[in-house]
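Here is the file final.txt (compact mmCIF, C-alpha atoms (C1' of nucleotides)).
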```txt
# COMPACT_ATOMS: atom_id res chain seq x y z
CA MET K 566 47.12 -14.90 8.45
CA SER K 567 46.92 -16.71 11.77
CA THR K 568 43.32 -15.85 12.63
CA ASN K 569 40.12 -16.48 10.70
CA THR K 570 38.56 -13.18 11.76
CA VAL K 571 37.93 -10.51 9.14
CA GLN K 572 40.31 -7.59 9.30
CA ARG K 573 38.56 -4.35 10.29
CA ARG K 574 39.80 -0.81 9.75
CA PRO K 575 38.15 1.54 12.19
CA GLY K 576 40.85 4.20 11.97
CA GLY K 577 41.62 7.22 9.82
CA ARG K 578 39.39 7.70 6.84
CA SER K 579 36.55 5.43 7.96
CA ALA K 580 36.34 7.24 11.28
CA ALA K 581 36.29 10.60 9.54
CA VAL K 582 33.50 9.48 7.22
CA LEU K 583 31.50 8.06 10.11
CA ASN K 584 31.87 11.27 12.07
CA SER K 585 30.87 13.58 9.23
CA ILE K 586 27.82 11.38 8.56
CA LYS K 587 26.84 11.49 12.21
CA VAL K 588 27.02 15.28 12.24
CA ALA K 589 25.03 15.48 8.99
CA VAL K 590 22.30 13.19 10.33
CA GLU K 591 21.93 15.19 13.53
CA GLU K 592 21.71 18.46 11.63
CA LEU K 593 19.25 17.22 9.04
CA VAL K 594 16.97 15.42 11.49
CA ARG K 595 16.83 18.55 13.61
CA GLU K 596 16.22 20.80 10.59
CA LYS K 597 13.72 18.80 8.58
CA GLY K 598 12.42 16.04 10.88
CA ARG K 599 13.30 12.40 10.49
CA GLU K 600 10.66 11.75 7.84
CA ARG K 601 12.07 14.23 5.35
CA VAL K 602 15.66 13.03 5.52
CA THR K 603 17.05 10.79 2.76
CA ILE K 604 20.37 9.00 2.39
CA PRO K 605 21.53 11.02 -0.64
CA MET K 606 20.76 14.13 1.37
CA VAL K 607 22.88 12.96 4.30
CA ALA K 608 25.71 11.89 2.01
CA GLU K 609 25.83 15.25 0.25
CA ARG K 610 25.86 17.19 3.52
CA ALA K 611 28.60 14.91 4.83
CA GLY K 612 30.66 15.26 1.65
CA VAL K 613 30.55 11.50 1.16
CA ASN K 614 29.40 9.23 -1.64
CA PRO K 615 25.86 7.85 -1.09
CA THR K 616 27.14 4.39 -1.99
CA SER K 617 29.27 4.35 1.12
CA VAL K 618 26.20 4.88 3.26
CA TYR K 619 24.16 2.22 1.49
CA ARG K 620 27.03 -0.26 1.77
CA ARG K 621 27.46 0.29 5.50
CA TRP K 622 23.89 0.41 6.73
CA GLY K 623 21.60 -0.65 3.89
CA ASP K 624 18.74 1.72 4.75
CA LEU K 625 17.97 4.93 6.56
CA GLN K 626 16.16 3.33 9.49
CA THR K 627 19.15 1.12 10.32
CA MET K 628 21.57 4.00 9.92
CA ILE K 629 19.71 6.39 12.19
CA ASN K 630 19.20 3.74 14.86
CA ASP K 631 22.91 2.96 14.77
CA ILE K 632 24.10 6.57 14.66
CA ALA K 633 21.68 7.67 17.37
CA THR K 634 23.91 7.11 20.38
CA TYR K 635 22.31 10.22 21.87
CA ARG K 636 19.20 8.31 22.90
CA LEU K 637 18.55 7.73 26.61
CA ASP K 638 20.97 5.05 27.79
CA PRO K 639 18.92 2.07 29.11
CA ALA K 640 21.84 1.19 31.44
CA ARG K 641 22.12 4.62 33.06
CA PRO K 642 21.70 4.71 36.85
CA ILE K 643 18.18 5.32 38.13
CA PRO K 644 17.98 8.11 40.74
CA GLU K 645 18.03 6.79 44.31
CA THR K 646 17.66 9.57 46.85
CA GLY K 647 15.71 7.74 49.53
CA SER K 648 12.48 9.55 48.65
CA LEU K 649 10.15 8.35 45.91
CA LYS K 650 9.05 11.87 45.11
CA ALA K 651 12.64 13.08 44.74
CA ASP K 652 13.56 10.00 42.69
CA LEU K 653 10.68 10.62 40.29
CA THR K 654 11.48 14.31 40.01
CA ALA K 655 15.12 13.65 39.14
CA TRP K 656 14.14 10.92 36.71
CA ALA K 657 11.49 13.05 34.99
CA ASN K 658 13.97 15.91 34.73
CA GLU K 659 16.39 13.62 32.88
CA ILE K 660 13.66 12.74 30.39
CA VAL K 661 12.65 16.38 29.89
CA ASP K 662 16.27 17.48 29.43
CA HIS K 663 16.88 14.69 26.95
CA TYR K 664 13.92 15.65 24.79
CA ARG K 665 14.53 19.38 24.95
CA ASN K 666 17.35 18.55 22.55
CA PRO K 667 15.61 19.11 19.17
CA THR K 668 17.38 16.14 17.59
CA ASN K 669 16.07 13.76 20.24
CA ALA K 670 12.59 15.25 19.93
CA ALA K 671 12.62 14.80 16.15
CA LEU K 672 13.71 11.18 16.56
CA LEU K 673 10.89 10.54 19.02
CA ARG K 674 8.35 11.96 16.56
CA GLY K 675 9.76 9.78 13.81
CA GLY K 676 9.50 6.75 16.09
CA ALA K 677 5.90 7.60 16.92
CA ALA K 678 4.97 7.25 13.27
CA SER K 679 5.90 3.57 13.25
CA ALA K 680 4.78 2.77 16.82
CA GLY K 681 1.59 1.08 17.93
CA LEU K 682 2.21 -2.41 16.62
CA THR K 683 4.79 -3.52 19.16
CA GLU K 684 5.83 -1.80 22.37
CA SER K 685 8.65 0.59 21.48
CA ASP K 686 11.95 0.95 23.32
CA CYS K 687 10.75 4.29 24.58
CA THR K 688 7.67 3.03 26.39
CA ARG K 689 9.08 -0.31 27.54
CA ASN K 690 12.13 1.28 29.15
CA ARG K 691 10.16 4.07 30.80
CA ARG K 692 7.66 1.57 32.19
CA ALA K 693 10.43 -0.66 33.55
CA GLU K 694 12.23 2.25 35.20
CA ALA K 695 9.03 3.55 36.76
CA GLY K 696 8.26 0.09 38.11
CA MET K 697 11.74 -0.19 39.59
CA MET K 698 11.48 3.09 41.49
CA VAL K 699 7.97 2.54 42.80
CA GLU K 700 8.69 -1.02 43.94
CA ARG K 701 11.59 0.15 46.10
CA TYR K 702 9.01 1.67 48.40
CA GLY K 703 6.69 -1.31 48.23
CA ALA K 704 3.22 -1.11 49.73
CA THR K 705 3.95 2.29 51.28
CA SER K 706 4.09 3.88 47.82
CA PRO K 707 1.25 6.33 47.24
CA VAL K 708 1.46 5.89 43.46
CA THR K 709 1.43 2.93 41.06
CA PRO K 710 3.67 2.47 38.00
CA ASP K 711 0.65 2.97 35.75
CA GLU K 712 -0.09 6.29 37.39
CA VAL K 713 3.52 7.35 36.79
CA LEU K 714 3.12 6.53 33.11
CA ASP K 715 -0.26 8.25 32.76
CA GLN K 716 0.44 11.37 34.78
CA LEU K 717 4.17 11.90 34.44
CA VAL K 718 5.57 10.21 31.33
CA ALA K 719 2.53 10.77 29.11
CA PRO K 720 2.31 14.54 29.68
CA ILE K 721 6.03 14.91 29.02
CA ILE K 722 5.98 12.86 25.83
CA TYR K 723 2.79 14.56 24.66
CA ARG K 724 4.44 17.94 25.08
CA VAL K 725 7.64 16.78 23.38
CA ILE K 726 5.69 15.67 20.32
CA PHE K 727 3.04 18.36 20.00
CA LEU K 728 4.03 21.28 22.25
CA PRO K 729 7.83 21.22 22.65
CA TRP K 730 8.03 24.93 23.43
CA THR K 731 6.09 24.37 26.69
CA LEU K 732 8.90 22.28 28.21
CA ASP K 733 10.95 24.14 30.79
CA ASP K 734 13.00 23.57 33.93
CA SER K 735 9.92 23.35 36.14
CA THR K 736 7.82 21.02 33.98
CA ALA K 737 8.98 17.84 35.68
CA SER K 738 8.59 19.04 39.26
CA ASN K 739 5.18 20.57 38.52
CA LEU K 740 3.93 17.26 37.18
CA VAL K 741 5.34 15.33 40.14
CA ASP K 742 3.71 17.80 42.54
CA ARG K 743 0.34 17.22 40.95
CA LEU K 744 0.90 13.47 40.95
CA PHE K 745 1.45 13.54 44.72
CA SER K 746 -1.15 16.21 45.57
CA GLY K 747 -3.93 14.88 47.79
CA ARG K 748 -2.17 11.60 48.59
CA MET A 814 -21.54 34.14 -18.21
CA SER A 815 -23.14 36.48 -15.71
CA THR A 816 -20.91 35.59 -12.76
CA ASN A 817 -17.15 35.64 -12.45
CA THR A 818 -17.02 32.54 -10.21
CA VAL A 819 -15.54 29.31 -11.57
CA GLN A 820 -18.06 26.60 -12.30
CA ARG A 821 -17.63 23.57 -9.97
CA ARG A 822 -18.89 20.05 -10.54
CA PRO A 823 -19.21 18.21 -7.26
CA GLY A 824 -21.72 15.69 -8.56
CA GLY A 825 -21.70 12.30 -10.26
CA ARG A 826 -18.29 11.14 -11.37
CA SER A 827 -16.23 13.46 -9.22
CA ALA A 828 -18.11 12.36 -6.14
CA ALA A 829 -17.61 8.72 -7.06
CA VAL A 830 -13.87 9.24 -7.54
CA LEU A 831 -13.63 11.13 -4.26
CA ASN A 832 -15.46 8.38 -2.44
CA SER A 833 -13.41 5.52 -3.85
CA ILE A 834 -10.22 7.42 -2.98
CA LYS A 835 -11.46 8.02 0.53
CA VAL A 836 -12.16 4.32 1.01
CA ALA A 837 -8.77 3.41 -0.44
CA VAL A 838 -6.95 5.82 1.86
CA GLU A 839 -8.74 4.48 4.93
CA GLU A 840 -7.93 0.88 4.02
CA LEU A 841 -4.29 1.52 3.15
CA VAL A 842 -3.55 3.72 6.16
CA ARG A 843 -5.05 1.08 8.43
CA GLU A 844 -3.16 -1.75 6.69
CA LYS A 845 0.28 -0.21 6.22
CA GLY A 846 0.42 2.94 8.37
CA ARG A 847 0.40 6.41 6.92
CA GLU A 848 4.14 6.46 6.24
CA ARG A 849 4.05 3.54 3.83
CA VAL A 850 1.18 4.82 1.72
CA THR A 851 1.90 6.46 -1.63
CA ILE A 852 -0.33 8.26 -4.10
CA PRO A 853 0.07 5.69 -6.92
CA MET A 854 -0.86 3.01 -4.37
CA VAL A 855 -4.05 4.84 -3.37
CA ALA A 856 -4.95 5.50 -7.01
CA GLU A 857 -4.55 1.87 -7.99
CA ARG A 858 -6.66 0.64 -5.07
CA ALA A 859 -9.30 3.25 -5.92
CA GLY A 860 -9.30 2.33 -9.62
CA VAL A 861 -8.40 5.90 -10.47
CA ASN A 862 -5.58 7.50 -12.41
CA PRO A 863 -2.78 8.86 -10.19
CA THR A 864 -2.84 12.09 -12.20
CA SER A 865 -6.32 12.84 -10.90
CA VAL A 866 -5.02 12.66 -7.35
CA TYR A 867 -2.02 14.89 -8.06
CA ARG A 868 -4.19 17.45 -9.83
CA ARG A 869 -6.68 17.66 -7.00
CA TRP A 870 -4.43 17.70 -3.96
CA GLY A 871 -0.83 18.11 -5.11
CA ASP A 872 0.72 15.87 -2.46
CA LEU A 873 -0.10 13.09 -0.07
CA GLN A 874 -0.02 15.19 3.09
CA THR A 875 -2.63 17.59 1.73
CA MET A 876 -4.78 14.75 0.42
CA ILE A 877 -4.88 12.81 3.68
CA ASN A 878 -5.58 15.92 5.74
CA ASP A 879 -8.44 16.81 3.40
CA ILE A 880 -9.85 13.31 3.04
CA ALA A 881 -9.76 12.70 6.76
CA THR A 882 -13.24 14.00 7.45
CA TYR A 883 -13.46 11.14 9.91
CA ARG A 884 -11.29 13.08 12.29
CA LEU A 885 -13.06 14.56 15.29
CA ASP A 886 -15.40 17.21 13.93
CA PRO A 887 -14.34 20.59 15.39
CA ALA A 888 -17.96 21.77 15.16
CA ARG A 889 -19.46 18.83 17.05
CA PRO A 890 -21.40 19.69 20.22
CA ILE A 891 -19.39 19.66 23.43
CA PRO A 892 -21.01 17.65 26.24
CA GLU A 893 -23.07 19.82 28.57
CA THR A 894 -24.53 17.81 31.41
CA GLY A 895 -24.40 20.43 34.16
CA SER A 896 -21.47 18.71 35.87
CA LEU A 897 -17.86 19.37 34.87
CA LYS A 898 -16.82 15.86 35.80
CA ALA A 899 -19.55 14.30 33.70
CA ASP A 900 -18.81 16.68 30.81
CA LEU A 901 -15.14 15.72 30.85
CA THR A 902 -15.92 12.02 31.11
CA ALA A 903 -18.24 12.13 28.11
CA TRP A 904 -15.78 14.23 26.14
CA ALA A 905 -12.83 11.96 26.96
CA ASN A 906 -14.89 8.92 25.99
CA GLU A 907 -15.53 10.48 22.58
CA ILE A 908 -11.80 10.91 22.09
CA VAL A 909 -11.00 7.37 23.20
CA ASP A 910 -13.69 5.90 20.97
CA HIS A 911 -12.47 7.94 18.04
CA TYR A 912 -8.89 6.71 18.37
CA ARG A 913 -9.81 3.09 19.06
CA ASN A 914 -10.57 3.10 15.34
CA PRO A 915 -7.22 1.88 13.90
CA THR A 916 -7.45 4.23 10.93
CA ASN A 917 -7.74 7.27 13.16
CA ALA A 918 -4.92 6.01 15.35
CA ALA A 919 -2.66 5.51 12.32
CA LEU A 920 -3.46 9.04 11.12
CA LEU A 921 -2.59 10.45 14.53
CA ARG A 922 0.77 8.65 14.51
CA GLY A 923 1.48 9.97 11.03
CA GLY A 924 0.59 13.46 12.16
CA ALA A 925 2.90 13.13 15.16
CA ALA A 926 5.82 12.61 12.81
CA SER A 927 5.42 16.06 11.29
CA ALA A 928 4.28 17.86 14.46
CA GLY A 929 6.31 20.03 16.78
CA LEU A 930 6.89 22.98 14.51
CA THR A 931 3.41 24.47 14.63
CA GLU A 932 0.52 23.55 16.89
CA SER A 933 -1.43 20.80 15.14
CA ASP A 934 -5.21 20.65 14.70
CA CYS A 935 -5.29 17.85 17.22
CA THR A 936 -3.77 19.76 20.10
CA ARG A 937 -5.29 23.14 19.31
CA ASN A 938 -8.83 21.80 19.14
CA ARG A 939 -8.50 19.71 22.28
CA ARG A 940 -7.10 22.66 24.19
CA ALA A 941 -9.94 24.92 23.01
CA GLU A 942 -12.60 22.37 23.94
CA ALA A 943 -11.08 21.79 27.37
CA GLY A 944 -10.99 25.53 27.96
CA MET A 945 -14.62 25.86 26.96
CA MET A 946 -15.81 23.21 29.38
CA VAL A 947 -13.76 24.38 32.33
CA GLU A 948 -14.72 28.02 31.86
CA ARG A 949 -18.41 27.20 32.07
CA TYR A 950 -17.87 26.52 35.74
CA GLY A 951 -15.64 29.56 36.23
CA ALA A 952 -13.87 30.03 39.53
CA THR A 953 -15.63 27.05 41.08
CA SER A 954 -13.80 24.65 38.77
CA PRO A 955 -11.40 22.39 40.67
CA VAL A 956 -9.24 21.85 37.57
CA THR A 957 -7.55 24.09 35.00
CA PRO A 958 -7.48 23.57 31.21
CA ASP A 959 -3.77 22.79 31.43
CA GLU A 960 -4.44 20.07 33.96
CA VAL A 961 -7.04 18.59 31.63
CA LEU A 962 -4.45 18.49 28.84
CA ASP A 963 -1.70 17.02 31.02
CA GLN A 964 -3.72 14.47 32.95
CA LEU A 965 -6.55 13.56 30.60
CA VAL A 966 -5.66 14.29 26.97
CA ALA A 967 -1.96 13.45 27.21
CA PRO A 968 -2.44 9.97 28.74
CA ILE A 969 -5.05 9.11 26.11
CA ILE A 970 -2.93 10.31 23.19
CA TYR A 971 0.17 8.63 24.62
CA ARG A 972 -1.69 5.33 24.81
CA VAL A 973 -3.14 5.77 21.31
CA ILE A 974 0.34 6.24 19.86
CA PHE A 975 2.41 3.79 21.88
CA LEU A 976 0.01 1.45 23.74
CA PRO A 977 -3.24 1.30 21.76
CA TRP A 978 -4.17 -2.11 23.18
CA THR A 979 -4.54 -0.58 26.67
CA LEU A 980 -7.50 1.58 25.62
CA ASP A 981 -10.84 0.28 26.84
CA ASP A 982 -14.30 1.45 27.89
CA SER A 983 -13.13 2.46 31.37
CA THR A 984 -9.97 4.34 30.37
CA ALA A 985 -11.62 7.74 30.17
CA SER A 986 -13.55 7.52 33.43
CA ASN A 987 -10.52 6.14 35.30
CA LEU A 988 -8.45 9.12 34.18
CA VAL A 989 -11.16 11.59 35.10
CA ASP A 990 -11.52 9.96 38.53
CA ARG A 991 -7.82 10.41 39.18
CA LEU A 992 -7.96 13.98 37.89
CA PHE A 993 -10.65 14.80 40.46
CA SER A 994 -9.34 12.69 43.33
CA GLY A 995 -8.31 14.76 46.34
CA ARG A 996 -9.91 17.96 45.06
C1' DC N 1403 58.88 0.08 2.78
C1' DT N 1404 55.85 -3.32 0.66
C1' DC N 1405 51.84 -6.11 0.23
C1' DC N 1406 47.07 -7.13 1.05
C1' DT N 1407 42.56 -5.83 1.16
C1' DA N 1408 38.82 -3.06 3.76
C1' DA N 1409 36.43 0.66 2.61
C1' DA N 1410 35.52 4.68 -0.23
C1' DG N 1411 34.65 6.61 -4.89
C1' DC N 1412 32.67 6.54 -9.43
C1' DA N 1413 29.40 5.74 -13.08
C1' DA N 1414 25.91 3.32 -15.32
C1' DC N 1415 21.46 1.29 -14.52
C1' DT N 1416 16.81 0.26 -12.45
C1' DG N 1417 12.47 1.21 -10.34
C1' DT N 1418 9.11 4.28 -8.87
C1' DG N 1419 7.07 8.67 -7.53
C1' DT N 1420 5.80 13.06 -9.86
C1' DT N 1421 4.98 16.36 -13.71
C1' DT N 1422 3.09 17.78 -18.13
C1' DG N 1423 0.67 18.08 -22.61
C1' DC N 1424 -3.23 16.54 -24.82
C1' DG N 1425 -7.39 14.08 -25.88
C1' DT N 1426 -11.87 12.30 -23.82
C1' DT N 1427 -15.81 12.11 -20.76
C1' DA N 1428 -19.64 13.85 -18.59
C1' DG N 1429 -21.95 17.45 -15.17
C1' DA N 1430 -24.63 21.67 -15.27
C1' DG N 1431 -26.80 25.64 -17.23
C1' DA N 1432 -29.20 27.60 -21.37
C1' DT W 534 -31.26 18.65 -26.40
C1' DC W 535 -27.13 21.45 -27.12
C1' DT W 536 -23.05 23.79 -25.55
C1' DC W 537 -19.32 24.70 -22.55
C1' DT W 538 -15.75 23.24 -19.84
C1' DA W 539 -14.43 20.96 -15.21
C1' DA W 540 -12.48 16.94 -14.24
C1' DC W 541 -10.68 12.56 -15.62
C1' DG W 542 -7.64 9.25 -18.40
C1' DC W 543 -3.56 8.32 -20.92
C1' DA W 544 1.22 8.32 -22.19
C1' DA W 545 5.61 10.33 -22.43
C1' DA W 546 8.99 12.76 -19.96
C1' DC W 547 11.28 13.77 -15.72
C1' DA W 548 13.42 13.45 -11.00
C1' DC W 549 15.49 11.02 -7.75
C1' DA W 550 16.14 7.15 -4.34
C1' DG W 551 18.42 2.97 -4.37
C1' DT W 552 21.51 -0.92 -6.67
C1' DT W 553 25.55 -2.97 -8.81
C1' DG W 554 30.11 -3.81 -10.98
C1' DC W 555 34.39 -1.96 -11.17
C1' DT W 556 38.30 1.16 -9.85
C1' DT W 557 40.93 3.77 -6.56
C1' DT W 558 42.52 4.97 -2.01
C1' DA W 559 44.63 4.15 2.21
C1' DG W 560 44.88 1.47 7.02
C1' DG W 561 47.39 -2.15 9.13
C1' DA W 562 50.41 -6.32 9.36
C1' DG W 563 54.86 -8.24 8.27
```
Translate this structure into structure tokens?
Amino acid sequence: MSTNTVQRRPGGRSAAVLNSIKVAVEELVREKGRERVTIPMVAERAGVNPTSVYRRWGDLQTMINDIATYRLDPARPIPETGSLKADLTAWANEIVDHYRNPTNAALLRGGAASAGLTESDCTRNRRAEAGMMVERYGATSPVTPDEVLDQLVAPIIYRVIFLPWTLDDSTASNLVDRLFSGR
Amino acid sequence: MSTNTVQRRPGGRSAAVLNSIKVAVEELVREKGRERVTIPMVAERAGVNPTSVYRRWGDLQTMINDIATYRLDPARPIPETGSLKADLTAWANEIVDHYRNPTNAALLRGGAASAGLTESDCTRNRRAEAGMMVERYGATSPVTPDEVLDQLVAPIIYRVIFLPWTLDDSTASNLVDRLFSGR
DNA sequence: CTCCTAAAGCAACTGTGTTTGCGTTAGAGA
DNA sequence: TCTCTAACGCAAACACAGTTGCTTTAGGAG
């Protein structure tokens, strides 16, 4: 061997196993909620030996975080329409659409259970994105980043967690309208 | 026996056991978060046999929901000052104060994990209380119950779950001010 | 095609949460 | 005080998540 790197084997069987596990995790999280999913359960649904899962990821938390490529991409482009109101509407619609997917909603609820000690990815990223959009318009902006969090992000996340059936196509624009009303 | 009702024994020992379990649950939920608490753990801290806990409640979810009498009492009086704004401010302050207690916050996060399928106590009660206050002022009310949920309850609950360190004495009144601004 | 070994499978074992049968303690009415 | 039995304690059995050593399968390089 001419290199000192470990040989990997991402092809064939490993890929098939990975894919069936991913499907099983999505199904089970959606069906039962993240808290009621176990590794043996995932392995059985995937038609795979539990040992394989333990060897690859070690624990359920690590596995789900790694499998969950369906979370909101932190590197995705932030809407830039030239109007703050339109930017916020488009951005809020992305968030609503993302969490109308039951799997994503279940993952958010699971994350909420262990939140509160440190700022989670969810809140930190949303806060950063809100700040970015508002600051584009500088002192002329009628709203602050904190107001965006309190009156736009918070209602959406609250509904995702406790009242997911109230989310619809007009939720985001309604909230933005109220945020800008009287300003 | 002249009655066909089962004899209960709420006094003495049973009350002592119940109380020591209640204390143990509060401590452990605050220390570890609801998700990392188990029944044997509670029983040991309480100096009680785990069997007693299983026999009384069956499972941890039921036990915590039952023990948690420190949650906001649904029968407590709703503020009635004569002004909707003042009512809402007082009411929101109660909620903030309640959830600034780390035990209550941890219980809310735990509840969030299993929410989303049915409307939880938390959301149903808040919605009912908001409706009650707003309806007192009928058609003259500048805000709707849904607006109260979106712009007052949701920001508070969002902060409790994800940003508990941002809750302070002025949080409630700031939110109410923004809710009424421009109306 | 052949060799090497990454990665999966298998099975036995451990630790811990949960159930169950039975004996003991102690609250409440007679 | 006496009796009845609800509620607790105890210990053995059970269920299942997670671990470990070994074997088997199959991807990739030569």
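Taking atom CA of Pro958 of chain A and atom CA of Gly944 of chain A as the two end points, the separation is 5.2 Å.
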### Message
Would you pick out the contacts of segment 1418-1426 of chain N at 8 Å or less, using all atoms listed in the file, so that residues sharing its chain but fewer than 3 positions from it are not included, and give the list as a PyMOL selection string?
### Response
(chain A and resi 853) or (chain W and resi 542+546-548)
### Task
Find the residues in chain W near chain K: any atom within 12 Å counts, using all atoms listed in the file. Write them as an MDAnalysis selection string.
chainID W and resid 549:553 558:563
Export of prior selection with C-alpha atoms (C1' of nucleotides) as a compact mmCIF listing (two decimals), keeping the file's coordinate frame:
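Printed below is result30.txt as written:
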```txt
# COMPACT_ATOMS: atom_id res chain seq x y z
C1' DC W 549 15.49 11.02 -7.75
C1' DA W 550 16.14 7.15 -4.34
C1' DG W 551 18.42 2.97 -4.37
C1' DT W 552 21.51 -0.92 -6.67
C1' DT W 553 25.55 -2.97 -8.81
C1' DT W 558 42.52 4.97 -2.01
C1' DA W 559 44.63 4.15 2.21
C1' DG W 560 44.88 1.47 7.02
C1' DG W 561 47.39 -2.15 9.13
C1' DA W 562 50.41 -6.32 9.36
C1' DG W 563 54.86 -8.24 8.27
```
### Query
Any idea which chain N residues end up within 8 Å of chain A if we count all atoms listed in the file, as a list in words please?
DG1419, DA1428, DG1429 and DA1430 of chain N
### Query
Within 6 Å of chain K, which residues of chain A show up when using only C-alpha atoms, listed as a ChimeraX atom specification?
/A:922-923,925-926,928-929,963-964,967-968,971,974-975,995
#### Entry: Atomic separation - atom CA of Val838 of chain A relative to atom C1' of DA540 of chain W, Å
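Distance between the two atoms: 20.3 Å.
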### Query
What does the distance from atom CA of Gly647 of chain K to atom CA of Asp734 of chain K come to in Å, to one decimal?
22.4 Å
### Message
Ranking K:Thr646, K:Asn614, K:Thr705, K:Ser738 by minimum distance to DA1413 of chain N and counting all atoms listed in the file, which one comes first?
### Response
K:Asn614
### Message
Using all atoms listed in the file, can you tell me which of A:Leu831, A:Ala985, A:Val850, A:Leu901 comes closest to Leu873 of chain A?
### Response
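Closest to Leu873 of chain A, using all atoms listed in the file: A:Val850.
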